[in-house]
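Asks: Quick one: the structure is below, and I'll ask about it shortly.
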Amino acid sequence: MIYVSRKEHFNAAHKLYNDTWSKEKNEEVFGPCANPNWHGHNFELIVTVKGAPNPETGFVIDLKVLGDIVQKEIIDKVDHKNLNLDVPFMLNKLASCENLILEFWRILDYEITRVESNARLHRLRLYETPKNYVDYFGEN
């Protein structure tokens, strides 16, 4: 099994806030991330695809094609956006990295398989900061 990865970058704002809680509880649980005026991050998304190389191309997936999918389906929809307000697939969801990566997986898993039947999404890694990131391997 071969694993290939593509890294992309986007900037976005969000707020962590549970509307069913009091302002005090939100501040206690989410701290400055509950700021009513939002806050932003320079995110990095690493998409890893697995498979056997296609005998005709030598690729698991053409990395340019993978980059185009990630750009069109994810980056164009989240870059310089407010994740809570501007991103349709995040509406009515808490805009945590965990929820964001679940939505990214749902979108990319379908698109990658549609374009390259030989390849499967293996892992998504989303950096919120240089020190904090989440991984998802598609398990529920």
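Ordering of the structure tokens sets the chain letters (A, B, ...), residue numbers begin anew at 1 in every chain, and ligands are numbered from 1 in the order given.
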Please return as a list of chain:residue names: the residues of range 46-92 of chain A that backbone DSSP assigns to strand (DSSP E).

Replies: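 Residues of range 46-92 of chain A classed as strand (DSSP E): A:Ile46, A:Val47, A:Thr48, A:Val49, A:Lys50, A:Gly51, A:Lys81, A:Asn82.
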
Asks: Filtering to C-alpha atoms, could you give me those residues as an mmCIF file, in the first residue's frame?

Replies:
```cif
data_model
loop_
_atom_site.group_PDB
_atom_site.id
_atom_site.type_symbol
_atom_site.label_atom_id
_atom_site.label_comp_id
_atom_site.auth_asym_id
_atom_site.auth_seq_id
_atom_site.Cartn_x
_atom_site.Cartn_y
_atom_site.Cartn_z
ATOM 1 C CA ILE A 46 -2.975 17.462 4.976
ATOM 2 C CA VAL A 47 -4.898 14.967 2.854
ATOM 3 C CA THR A 48 -3.447 11.447 2.659
ATOM 4 C CA VAL A 49 -4.684 8.981 0.039
ATOM 5 C CA LYS A 50 -3.770 5.294 -0.144
ATOM 6 C CA GLY A 51 -3.768 2.707 -2.883
ATOM 7 C CA LYS A 81 -14.554 32.807 5.652
ATOM 8 C CA ASN A 82 -16.310 32.739 8.975
#
```

Asks: Mind running range 47-101 of chain A against range 105-111 of chain A at 9 Å and telling me each contacting residue's nearest atom pair with the distance in Å (one decimal), counting only C-alpha atoms, chain and number ascending, as JSON lines?

Replies:
```
{"residue": "A:Val47", "atom": "CA", "partner": "A:Leu108", "partner_atom": "CA", "distance": 8.9}
{"residue": "A:Ile69", "atom": "CA", "partner": "A:Glu111", "partner_atom": "CA", "distance": 7.1}
{"residue": "A:Val70", "atom": "CA", "partner": "A:Leu108", "partner_atom": "CA", "distance": 7.2}
{"residue": "A:Glu73", "atom": "CA", "partner": "A:Ile107", "partner_atom": "CA", "distance": 7.1}
{"residue": "A:Ile74", "atom": "CA", "partner": "A:Ile107", "partner_atom": "CA", "distance": 8.1}
{"residue": "A:Leu100", "atom": "CA", "partner": "A:Trp105", "partner_atom": "CA", "distance": 8.7}
{"residue": "A:Ile101", "atom": "CA", "partner": "A:Trp105", "partner_atom": "CA", "distance": 6.1}
```

Asks: Restrict the selected residues to C-alpha atoms and save them as a short mmCIF file (atom, residue, chain, number, x, y, z; two decimals), in the first residue's frame.

Replies:
```
data_model
loop_
_atom_site.label_atom_id
_atom_site.label_comp_id
_atom_site.auth_asym_id
_atom_site.auth_seq_id
_atom_site.Cartn_x
_atom_site.Cartn_y
_atom_site.Cartn_z
CA VAL A 47 -4.90 14.97 2.85
CA ILE A 69 -10.33 18.48 -5.63
CA VAL A 70 -9.21 19.86 -2.26
CA GLU A 73 -14.42 21.25 -2.59
CA ILE A 74 -12.80 22.60 0.60
CA LEU A 100 -14.74 20.55 10.64
CA ILE A 101 -12.57 17.53 9.83
#
```

Asks: Measuring atom to atom with only C-alpha atoms, identify which of A:Phe10, A:Tyr127, A:Tyr3, A:Phe43 is nearest to Leu63 in chain A.

Replies: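 Using only C-alpha atoms, the shortest distance to Leu63 in chain A belongs to A:Tyr3.
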
Asks: So which one's closest to Pro130 in chain A, A:Ser22, A:Lys7, A:Asn42, A:Glu103? Using only C-alpha atoms, please.

Replies: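 Result for the nearest residue to Pro130 in chain A: A:Asn42.
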
Asks: Hey, can you check how far CA of Val4 in chain A sits from CA of His41 in chain A?

Replies: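 The value is 25.6 Å.
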
Asks: Find the spatial neighbours of Val29 in chain A, counting only C-alpha atoms, within a cut-off of 10 Å - ignore same-chain residues fewer than 4 positions away - and output them as a PDB file with N, CA, C and O atoms, in the first residue's frame.

Replies:
```
ATOM      1  N   LEU A  16     -16.187  29.297  19.130  1.00  0.00           N
ATOM      2  CA  LEU A  16     -16.712  28.122  19.804  1.00  0.00           C
ATOM      3  C   LEU A  16     -17.707  28.608  20.848  1.00  0.00           C
ATOM      4  O   LEU A  16     -17.334  29.319  21.790  1.00  0.00           O
ATOM      5  N   TYR A  17     -18.953  28.266  20.624  1.00  0.00           N
ATOM      6  CA  TYR A  17     -20.015  28.773  21.497  1.00  0.00           C
ATOM      7  C   TYR A  17     -21.222  27.855  21.386  1.00  0.00           C
ATOM      8  O   TYR A  17     -21.711  27.602  20.287  1.00  0.00           O
ATOM      9  N   ASN A  18     -21.663  27.352  22.518  1.00  0.00           N
ATOM     10  CA  ASN A  18     -22.851  26.508  22.576  1.00  0.00           C
ATOM     11  C   ASN A  18     -24.029  27.381  22.995  1.00  0.00           C
ATOM     12  O   ASN A  18     -24.082  27.853  24.134  1.00  0.00           O
ATOM     13  N   GLU A  24     -21.410  32.575  30.674  1.00  0.00           N
ATOM     14  CA  GLU A  24     -20.395  32.208  31.655  1.00  0.00           C
ATOM     15  C   GLU A  24     -19.873  30.783  31.417  1.00  0.00           C
ATOM     16  O   GLU A  24     -18.660  30.548  31.483  1.00  0.00           O
ATOM     17  N   LYS A  25     -20.793  29.854  31.148  1.00  0.00           N
ATOM     18  CA  LYS A  25     -20.354  28.477  30.911  1.00  0.00           C
ATOM     19  C   LYS A  25     -19.537  28.385  29.621  1.00  0.00           C
ATOM     20  O   LYS A  25     -18.534  27.674  29.563  1.00  0.00           O
ATOM     21  N   CYS A  33     -11.754  31.361  22.988  1.00  0.00           N
ATOM     22  CA  CYS A  33     -12.347  30.886  21.731  1.00  0.00           C
ATOM     23  C   CYS A  33     -13.849  31.177  21.661  1.00  0.00           C
ATOM     24  O   CYS A  33     -14.459  31.035  20.602  1.00  0.00           O
ATOM     25  N   ALA A  34     -14.441  31.596  22.782  1.00  0.00           N
ATOM     26  CA  ALA A  34     -15.854  31.981  22.809  1.00  0.00           C
ATOM     27  C   ALA A  34     -16.028  33.481  22.581  1.00  0.00           C
ATOM     28  O   ALA A  34     -17.130  34.012  22.741  1.00  0.00           O
TER      29      ALA A  34
END
```

Asks: With distances taken over only C-alpha atoms, which of A:Phe104, A:Leu121, A:His39, A:Glu28 is nearest to Ile75 in chain A?

Replies: A:Phe104

Asks: Write out as a PyMOL selection string each polymer residue whose atoms come within 8 Å of Lys93 in chain A, counting only C-alpha atoms; drop sequence neighbours fewer than 3 positions from it.

Replies: chain A and resi 84+90+99

Asks: Keeping C-alpha atoms, export the residues of the selection given above as a PDB file, in the first residue's frame.

Replies:
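That gives us again_14.pdb:
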```pdb
ATOM      1  CA  ASN A  84     -19.881  29.622  11.724  1.00  0.00           C
ATOM      2  CA  MET A  90     -20.902  23.983   8.975  1.00  0.00           C
ATOM      3  CA  ASN A  99     -16.497  18.800  13.494  1.00  0.00           C
TER       4      ASN A  99
END
```

Asks: Determine which residues of chain A receive a DSSP assignment of helix (DSSP H, G or I), computed from the backbone, and state them as a short mmCIF file (atom, residue, chain, number, x, y, z; two decimals) with all heavy atoms, in the first residue's frame.

Replies:
```cif
data_model
loop_
_atom_site.label_atom_id
_atom_site.label_comp_id
_atom_site.auth_asym_id
_atom_site.auth_seq_id
_atom_site.Cartn_x
_atom_site.Cartn_y
_atom_site.Cartn_z
N LYS A 23 -23.51 32.45 28.88
CA LYS A 23 -22.26 33.11 28.47
C LYS A 23 -21.12 32.67 29.39
O LYS A 23 -20.01 32.39 28.93
CB LYS A 23 -22.46 34.62 28.52
CG LYS A 23 -21.23 35.42 28.13
CD LYS A 23 -21.51 36.92 28.18
CE LYS A 23 -20.32 37.69 27.71
NZ LYS A 23 -19.64 38.45 28.72
N GLU A 24 -21.41 32.57 30.67
CA GLU A 24 -20.39 32.21 31.65
C GLU A 24 -19.87 30.78 31.42
O GLU A 24 -18.66 30.55 31.48
CB GLU A 24 -20.96 32.34 33.08
CG GLU A 24 -21.27 33.76 33.50
CD GLU A 24 -22.55 34.33 32.86
OE1 GLU A 24 -23.44 33.54 32.47
OE2 GLU A 24 -22.63 35.57 32.72
N LYS A 25 -20.79 29.85 31.15
CA LYS A 25 -20.35 28.48 30.91
C LYS A 25 -19.54 28.39 29.62
O LYS A 25 -18.53 27.67 29.56
CB LYS A 25 -21.54 27.52 30.85
CG LYS A 25 -21.08 26.09 30.66
CD LYS A 25 -22.14 25.06 30.92
CE LYS A 25 -21.54 23.67 30.77
NZ LYS A 25 -22.46 22.63 31.11
N ASN A 26 -19.96 29.11 28.56
CA ASN A 26 -19.19 29.12 27.33
C ASN A 26 -17.79 29.65 27.57
O ASN A 26 -16.81 29.08 27.08
CB ASN A 26 -19.90 29.95 26.26
CG ASN A 26 -20.92 29.14 25.50
OD1 ASN A 26 -20.56 28.32 24.67
ND2 ASN A 26 -22.19 29.36 25.80
N GLU A 27 -17.66 30.72 28.33
CA GLU A 27 -16.34 31.28 28.63
C GLU A 27 -15.52 30.33 29.48
O GLU A 27 -14.31 30.20 29.28
CB GLU A 27 -16.50 32.64 29.31
CG GLU A 27 -17.00 33.70 28.35
CD GLU A 27 -17.31 35.02 29.03
OE1 GLU A 27 -17.28 35.12 30.28
OE2 GLU A 27 -17.61 35.99 28.28
N GLU A 28 -16.17 29.61 30.39
CA GLU A 28 -15.46 28.65 31.24
C GLU A 28 -14.92 27.48 30.39
O GLU A 28 -13.77 27.07 30.55
CB GLU A 28 -16.41 28.11 32.30
CG GLU A 28 -15.83 27.01 33.17
CD GLU A 28 -16.88 26.38 34.08
OE1 GLU A 28 -17.87 27.05 34.44
OE2 GLU A 28 -16.70 25.20 34.41
N VAL A 29 -15.73 26.96 29.48
CA VAL A 29 -15.35 25.79 28.69
C VAL A 29 -14.43 26.17 27.52
O VAL A 29 -13.42 25.52 27.28
CB VAL A 29 -16.60 25.05 28.17
CG1 VAL A 29 -16.22 23.94 27.19
CG2 VAL A 29 -17.40 24.48 29.34
N PHE A 30 -14.78 27.22 26.80
CA PHE A 30 -14.07 27.57 25.56
C PHE A 30 -13.07 28.71 25.72
O PHE A 30 -12.30 28.98 24.80
CB PHE A 30 -15.06 27.92 24.45
CG PHE A 30 -16.00 26.80 24.10
CD1 PHE A 30 -17.37 26.98 24.18
CD2 PHE A 30 -15.51 25.57 23.70
CE1 PHE A 30 -18.24 25.96 23.85
CE2 PHE A 30 -16.38 24.54 23.37
CZ PHE A 30 -17.75 24.73 23.45
N GLY A 31 -13.07 29.41 26.86
CA GLY A 31 -12.12 30.49 27.09
C GLY A 31 -12.19 31.55 26.01
O GLY A 31 -13.28 31.90 25.55
N PRO A 32 -11.03 32.05 25.56
CA PRO A 32 -11.03 33.11 24.55
C PRO A 32 -11.61 32.67 23.20
O PRO A 32 -11.95 33.50 22.37
CB PRO A 32 -9.56 33.50 24.41
CG PRO A 32 -8.77 32.46 25.10
CD PRO A 32 -9.68 31.71 26.02
N CYS A 33 -11.75 31.36 22.99
CA CYS A 33 -12.35 30.89 21.73
C CYS A 33 -13.85 31.18 21.66
O CYS A 33 -14.46 31.03 20.60
CB CYS A 33 -12.10 29.39 21.55
SG CYS A 33 -10.35 29.00 21.34
N ALA A 34 -14.44 31.60 22.78
CA ALA A 34 -15.85 31.98 22.81
C ALA A 34 -16.03 33.48 22.58
O ALA A 34 -17.13 34.01 22.74
CB ALA A 34 -16.48 31.58 24.15
N LEU A 63 -1.36 13.94 -7.99
CA LEU A 63 -1.40 14.95 -6.92
C LEU A 63 -1.95 16.28 -7.40
O LEU A 63 -2.52 17.04 -6.61
CB LEU A 63 -0.03 15.11 -6.28
CG LEU A 63 0.36 13.93 -5.39
CD1 LEU A 63 1.80 14.06 -4.92
CD2 LEU A 63 -0.57 13.80 -4.20
N LYS A 64 -1.82 16.60 -8.67
CA LYS A 64 -2.46 17.81 -9.21
C LYS A 64 -3.98 17.66 -9.16
O LYS A 64 -4.70 18.58 -8.77
CB LYS A 64 -1.98 18.04 -10.65
CG LYS A 64 -2.75 19.11 -11.40
CD LYS A 64 -2.43 20.51 -10.91
CE LYS A 64 -2.94 21.60 -11.82
NZ LYS A 64 -4.27 22.09 -11.57
N VAL A 65 -4.48 16.49 -9.52
CA VAL A 65 -5.91 16.22 -9.46
C VAL A 65 -6.39 16.28 -8.01
O VAL A 65 -7.42 16.90 -7.71
CB VAL A 65 -6.25 14.85 -10.10
CG1 VAL A 65 -7.69 14.45 -9.84
CG2 VAL A 65 -5.96 14.88 -11.60
N LEU A 66 -5.63 15.67 -7.09
CA LEU A 66 -5.99 15.73 -5.68
C LEU A 66 -6.02 17.18 -5.20
O LEU A 66 -6.96 17.60 -4.51
CB LEU A 66 -5.02 14.91 -4.83
CG LEU A 66 -5.28 14.91 -3.32
CD1 LEU A 66 -6.66 14.38 -2.99
CD2 LEU A 66 -4.19 14.11 -2.61
N GLY A 67 -5.01 17.96 -5.56
CA GLY A 67 -4.98 19.37 -5.18
C GLY A 67 -6.17 20.13 -5.72
O GLY A 67 -6.74 20.97 -5.02
N ASP A 68 -6.56 19.84 -6.96
CA ASP A 68 -7.72 20.51 -7.55
C ASP A 68 -9.00 20.16 -6.79
O ASP A 68 -9.86 21.02 -6.56
CB ASP A 68 -7.87 20.13 -9.03
CG ASP A 68 -6.79 20.73 -9.91
OD1 ASP A 68 -6.05 21.64 -9.46
OD2 ASP A 68 -6.67 20.26 -11.06
N ILE A 69 -9.15 18.90 -6.40
CA ILE A 69 -10.33 18.48 -5.63
C ILE A 69 -10.38 19.22 -4.30
O ILE A 69 -11.41 19.77 -3.91
CB ILE A 69 -10.32 16.96 -5.39
CG1 ILE A 69 -10.54 16.21 -6.70
CG2 ILE A 69 -11.38 16.56 -4.36
CD1 ILE A 69 -10.29 14.70 -6.60
N VAL A 70 -9.25 19.21 -3.58
CA VAL A 70 -9.21 19.86 -2.26
C VAL A 70 -9.48 21.35 -2.41
O VAL A 70 -10.23 21.95 -1.62
CB VAL A 70 -7.87 19.59 -1.55
CG1 VAL A 70 -7.78 20.35 -0.24
CG2 VAL A 70 -7.68 18.09 -1.31
N GLN A 71 -8.90 21.97 -3.42
CA GLN A 71 -9.11 23.40 -3.64
C GLN A 71 -10.58 23.72 -3.90
O GLN A 71 -11.16 24.59 -3.26
CB GLN A 71 -8.26 23.88 -4.83
CG GLN A 71 -8.33 25.37 -5.08
CD GLN A 71 -7.67 26.20 -3.99
OE1 GLN A 71 -6.59 25.86 -3.51
NE2 GLN A 71 -8.31 27.27 -3.58
N LYS A 72 -11.19 22.99 -4.83
CA LYS A 72 -12.57 23.27 -5.23
C LYS A 72 -13.58 22.92 -4.14
O LYS A 72 -14.51 23.68 -3.87
CB LYS A 72 -12.90 22.47 -6.50
CG LYS A 72 -14.33 22.66 -6.97
CD LYS A 72 -14.61 21.85 -8.22
CE LYS A 72 -16.05 22.03 -8.64
NZ LYS A 72 -16.75 20.80 -8.86
N GLU A 73 -13.41 21.77 -3.51
CA GLU A 73 -14.42 21.25 -2.59
C GLU A 73 -14.26 21.76 -1.15
O GLU A 73 -15.24 21.79 -0.41
CB GLU A 73 -14.41 19.72 -2.59
CG GLU A 73 -14.70 19.11 -3.94
CD GLU A 73 -16.09 19.45 -4.47
OE1 GLU A 73 -17.01 19.65 -3.66
OE2 GLU A 73 -16.25 19.50 -5.71
N ILE A 74 -13.04 22.17 -0.78
CA ILE A 74 -12.80 22.60 0.60
C ILE A 74 -12.26 24.03 0.66
O ILE A 74 -12.93 24.92 1.19
CB ILE A 74 -11.82 21.64 1.32
CG1 ILE A 74 -12.33 20.20 1.30
CG2 ILE A 74 -11.54 22.14 2.74
CD1 ILE A 74 -13.61 19.93 2.03
N ILE A 75 -11.08 24.26 0.13
CA ILE A 75 -10.39 25.54 0.33
C ILE A 75 -11.22 26.71 -0.19
O ILE A 75 -11.38 27.71 0.51
CB ILE A 75 -8.98 25.53 -0.31
CG1 ILE A 75 -8.14 24.35 0.21
CG2 ILE A 75 -8.28 26.86 -0.08
CD1 ILE A 75 -7.95 24.29 1.71
N ASP A 76 -11.76 26.59 -1.40
CA ASP A 76 -12.57 27.68 -1.95
C ASP A 76 -13.78 28.00 -1.08
O ASP A 76 -14.28 29.12 -1.10
CB ASP A 76 -13.05 27.35 -3.37
CG ASP A 76 -11.93 27.39 -4.40
OD1 ASP A 76 -10.81 27.85 -4.08
OD2 ASP A 76 -12.18 26.93 -5.54
N LYS A 77 -14.23 27.02 -0.29
CA LYS A 77 -15.44 27.21 0.53
C LYS A 77 -15.13 27.72 1.94
O LYS A 77 -16.03 28.23 2.60
CB LYS A 77 -16.22 25.91 0.59
CG LYS A 77 -16.74 25.53 -0.78
CD LYS A 77 -17.43 24.20 -0.79
CE LYS A 77 -17.89 23.92 -2.22
NZ LYS A 77 -18.46 22.60 -2.37
N VAL A 78 -13.88 27.57 2.40
CA VAL A 78 -13.56 27.97 3.77
C VAL A 78 -12.53 29.09 3.88
O VAL A 78 -12.46 29.76 4.92
CB VAL A 78 -13.09 26.76 4.62
CG1 VAL A 78 -14.19 25.72 4.76
CG2 VAL A 78 -11.81 26.14 4.08
N PRO A 88 -21.71 26.69 4.28
CA PRO A 88 -22.97 25.95 4.37
C PRO A 88 -22.87 24.61 5.09
O PRO A 88 -23.75 24.27 5.88
CB PRO A 88 -23.38 25.75 2.90
CG PRO A 88 -22.76 26.90 2.19
CD PRO A 88 -21.45 27.15 2.91
N PHE A 89 -21.78 23.85 4.87
CA PHE A 89 -21.72 22.54 5.51
C PHE A 89 -21.39 22.62 7.01
O PHE A 89 -21.43 21.60 7.70
CB PHE A 89 -20.78 21.57 4.78
CG PHE A 89 -19.35 22.02 4.64
CD1 PHE A 89 -18.45 21.91 5.68
CD2 PHE A 89 -18.90 22.51 3.42
CE1 PHE A 89 -17.13 22.29 5.53
CE2 PHE A 89 -17.57 22.88 3.25
CZ PHE A 89 -16.69 22.78 4.31
N MET A 90 -21.14 23.82 7.53
CA MET A 90 -20.90 23.98 8.98
C MET A 90 -22.06 24.67 9.69
O MET A 90 -22.01 24.81 10.91
CB MET A 90 -19.60 24.76 9.20
CG MET A 90 -18.34 23.99 8.88
SD MET A 90 -18.16 22.42 9.75
CE MET A 90 -17.99 22.99 11.45
N CYS A 97 -12.50 22.02 15.39
CA CYS A 97 -11.70 21.31 14.38
C CYS A 97 -12.21 19.88 14.19
O CYS A 97 -12.16 19.35 13.09
CB CYS A 97 -10.23 21.29 14.79
SG CYS A 97 -9.42 22.85 14.47
N GLU A 98 -12.68 19.28 15.27
CA GLU A 98 -13.20 17.92 15.17
C GLU A 98 -14.41 17.85 14.23
O GLU A 98 -14.49 16.97 13.37
CB GLU A 98 -13.58 17.39 16.56
CG GLU A 98 -12.39 17.18 17.48
CD GLU A 98 -11.94 18.39 18.29
OE1 GLU A 98 -12.29 19.54 17.92
OE2 GLU A 98 -11.23 18.22 19.29
N ASN A 99 -15.33 18.79 14.38
CA ASN A 99 -16.50 18.80 13.49
C ASN A 99 -16.12 19.20 12.08
O ASN A 99 -16.67 18.67 11.11
CB ASN A 99 -17.58 19.73 14.04
CG ASN A 99 -18.29 19.13 15.22
OD1 ASN A 99 -18.35 17.92 15.38
ND2 ASN A 99 -18.84 19.98 16.07
N LEU A 100 -15.18 20.10 11.96
CA LEU A 100 -14.74 20.55 10.64
C LEU A 100 -14.10 19.40 9.86
O LEU A 100 -14.41 19.16 8.68
CB LEU A 100 -13.75 21.70 10.81
CG LEU A 100 -13.37 22.50 9.58
CD1 LEU A 100 -14.57 23.10 8.87
CD2 LEU A 100 -12.38 23.60 9.97
N ILE A 101 -13.25 18.62 10.52
CA ILE A 101 -12.57 17.53 9.83
C ILE A 101 -13.55 16.42 9.43
O ILE A 101 -13.39 15.77 8.40
CB ILE A 101 -11.38 17.00 10.65
CG1 ILE A 101 -10.33 16.37 9.73
CG2 ILE A 101 -11.82 16.01 11.71
CD1 ILE A 101 -9.00 16.10 10.41
N LEU A 102 -14.59 16.21 10.22
CA LEU A 102 -15.63 15.24 9.84
C LEU A 102 -16.32 15.65 8.55
O LEU A 102 -16.58 14.82 7.67
CB LEU A 102 -16.66 15.09 10.96
CG LEU A 102 -16.22 14.35 12.21
CD1 LEU A 102 -17.27 14.51 13.31
CD2 LEU A 102 -15.96 12.89 11.93
N GLU A 103 -16.62 16.94 8.42
CA GLU A 103 -17.26 17.43 7.20
C GLU A 103 -16.30 17.36 6.02
O GLU A 103 -16.71 16.99 4.91
CB GLU A 103 -17.77 18.85 7.40
CG GLU A 103 -18.94 18.94 8.37
CD GLU A 103 -20.13 18.11 7.93
OE1 GLU A 103 -20.52 18.18 6.74
OE2 GLU A 103 -20.67 17.38 8.78
N PHE A 104 -15.05 17.70 6.24
CA PHE A 104 -14.06 17.59 5.17
C PHE A 104 -13.98 16.14 4.67
O PHE A 104 -13.92 15.89 3.46
CB PHE A 104 -12.67 18.03 5.64
CG PHE A 104 -12.48 19.50 5.86
CD1 PHE A 104 -11.27 19.97 6.35
CD2 PHE A 104 -13.48 20.43 5.58
CE1 PHE A 104 -11.06 21.32 6.56
CE2 PHE A 104 -13.27 21.78 5.78
CZ PHE A 104 -12.06 22.23 6.27
N TRP A 105 -13.96 15.20 5.60
CA TRP A 105 -13.88 13.78 5.22
C TRP A 105 -15.08 13.39 4.36
O TRP A 105 -14.93 12.74 3.33
CB TRP A 105 -13.81 12.89 6.45
CG TRP A 105 -13.64 11.45 6.08
CD1 TRP A 105 -14.61 10.58 5.66
CD2 TRP A 105 -12.41 10.72 6.05
NE1 TRP A 105 -14.07 9.35 5.39
CE2 TRP A 105 -12.72 9.40 5.61
CE3 TRP A 105 -11.09 11.04 6.35
CZ2 TRP A 105 -11.75 8.43 5.48
CZ3 TRP A 105 -10.13 10.05 6.21
CH2 TRP A 105 -10.46 8.77 5.78
N ARG A 106 -16.26 13.76 4.82
CA ARG A 106 -17.49 13.40 4.10
C ARG A 106 -17.41 13.87 2.65
O ARG A 106 -17.74 13.12 1.73
CB ARG A 106 -18.70 14.03 4.81
CG ARG A 106 -20.04 13.68 4.20
CD ARG A 106 -21.17 14.39 4.91
NE ARG A 106 -21.05 15.84 4.90
CZ ARG A 106 -21.31 16.62 3.85
NH1 ARG A 106 -21.68 16.10 2.70
NH2 ARG A 106 -21.20 17.93 3.93
N ILE A 107 -16.94 15.06 2.44
CA ILE A 107 -16.85 15.64 1.10
C ILE A 107 -15.74 14.99 0.29
O ILE A 107 -15.94 14.56 -0.85
CB ILE A 107 -16.63 17.17 1.21
CG1 ILE A 107 -17.86 17.84 1.82
CG2 ILE A 107 -16.28 17.77 -0.15
CD1 ILE A 107 -17.60 19.25 2.32
N LEU A 108 -14.55 14.92 0.86
CA LEU A 108 -13.39 14.43 0.11
C LEU A 108 -13.43 12.93 -0.17
O LEU A 108 -13.00 12.48 -1.23
CB LEU A 108 -12.09 14.80 0.83
CG LEU A 108 -11.79 16.29 0.88
CD1 LEU A 108 -10.55 16.55 1.74
CD2 LEU A 108 -11.61 16.86 -0.52
N ASP A 109 -13.94 12.15 0.76
CA ASP A 109 -14.02 10.71 0.56
C ASP A 109 -14.83 10.42 -0.71
O ASP A 109 -14.43 9.61 -1.55
CB ASP A 109 -14.64 10.05 1.78
CG ASP A 109 -14.60 8.54 1.72
OD1 ASP A 109 -13.55 7.98 1.37
OD2 ASP A 109 -15.63 7.91 2.04
N TYR A 110 -15.95 11.06 -0.85
CA TYR A 110 -16.79 10.88 -2.03
C TYR A 110 -16.08 11.33 -3.30
O TYR A 110 -16.05 10.61 -4.30
CB TYR A 110 -18.11 11.64 -1.85
CG TYR A 110 -18.94 11.66 -3.11
CD1 TYR A 110 -19.69 10.55 -3.48
CD2 TYR A 110 -18.93 12.77 -3.94
CE1 TYR A 110 -20.43 10.56 -4.66
CE2 TYR A 110 -19.66 12.78 -5.12
CZ TYR A 110 -20.41 11.68 -5.47
OH TYR A 110 -21.13 11.69 -6.63
N GLU A 111 -15.50 12.53 -3.28
CA GLU A 111 -14.90 13.10 -4.49
C GLU A 111 -13.67 12.33 -4.95
O GLU A 111 -13.47 12.11 -6.14
CB GLU A 111 -14.54 14.57 -4.26
CG GLU A 111 -15.72 15.48 -4.15
CD GLU A 111 -16.57 15.55 -5.42
OE1 GLU A 111 -16.01 15.44 -6.53
OE2 GLU A 111 -17.79 15.71 -5.30
N ILE A 112 -12.84 11.90 -4.02
CA ILE A 112 -11.62 11.16 -4.39
C ILE A 112 -11.99 9.82 -5.02
O ILE A 112 -11.45 9.44 -6.06
CB ILE A 112 -10.70 10.99 -3.17
CG1 ILE A 112 -10.08 12.35 -2.81
CG2 ILE A 112 -9.61 9.94 -3.42
CD1 ILE A 112 -9.43 12.41 -1.45
N THR A 113 -12.92 9.11 -4.42
CA THR A 113 -13.35 7.82 -4.96
C THR A 113 -14.01 7.98 -6.32
O THR A 113 -13.84 7.15 -7.21
CB THR A 113 -14.30 7.13 -3.98
OG1 THR A 113 -13.64 7.02 -2.72
CG2 THR A 113 -14.69 5.74 -4.45
N ARG A 114 -14.74 9.06 -6.50
CA ARG A 114 -15.41 9.32 -7.77
C ARG A 114 -14.40 9.54 -8.90
O ARG A 114 -14.57 9.07 -10.01
CB ARG A 114 -16.32 10.55 -7.63
CG ARG A 114 -17.18 10.84 -8.85
CD ARG A 114 -18.03 12.07 -8.63
NE ARG A 114 -17.29 13.29 -8.48
CZ ARG A 114 -16.70 13.95 -9.48
NH1 ARG A 114 -16.76 13.50 -10.71
NH2 ARG A 114 -16.03 15.07 -9.25
N VAL A 115 -13.31 10.24 -8.58
CA VAL A 115 -12.32 10.59 -9.60
C VAL A 115 -11.30 9.46 -9.84
O VAL A 115 -10.88 9.25 -10.97
CB VAL A 115 -11.59 11.89 -9.17
CG1 VAL A 115 -10.38 12.16 -10.03
CG2 VAL A 115 -12.55 13.06 -9.22
#
```

Asks: Quick check, in Å to one decimal: how far apart do CA of Pro53 in chain A and CA of Glu116 in chain A lie?

Replies: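 Result for CA of Pro53 in chain A versus CA of Glu116 in chain A: 11.1 Å, one decimal.
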
Asks: Quick one: of A:Leu124, A:Ile2, A:Ala95, A:Ala13, who's nearest to Gly58 in chain A, counting only C-alpha atoms?

Replies: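 Looking only at the distances to Gly58 in chain A, the closest residue turns out to be A:Ile2.
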
Asks: Go ahead and compute the interatomic distance for CA of Val134 in chain A and CA of His9 in chain A, in Å to one decimal.

Replies: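 CA of His9 in chain A lies 15.0 Å from CA of Val134 in chain A.
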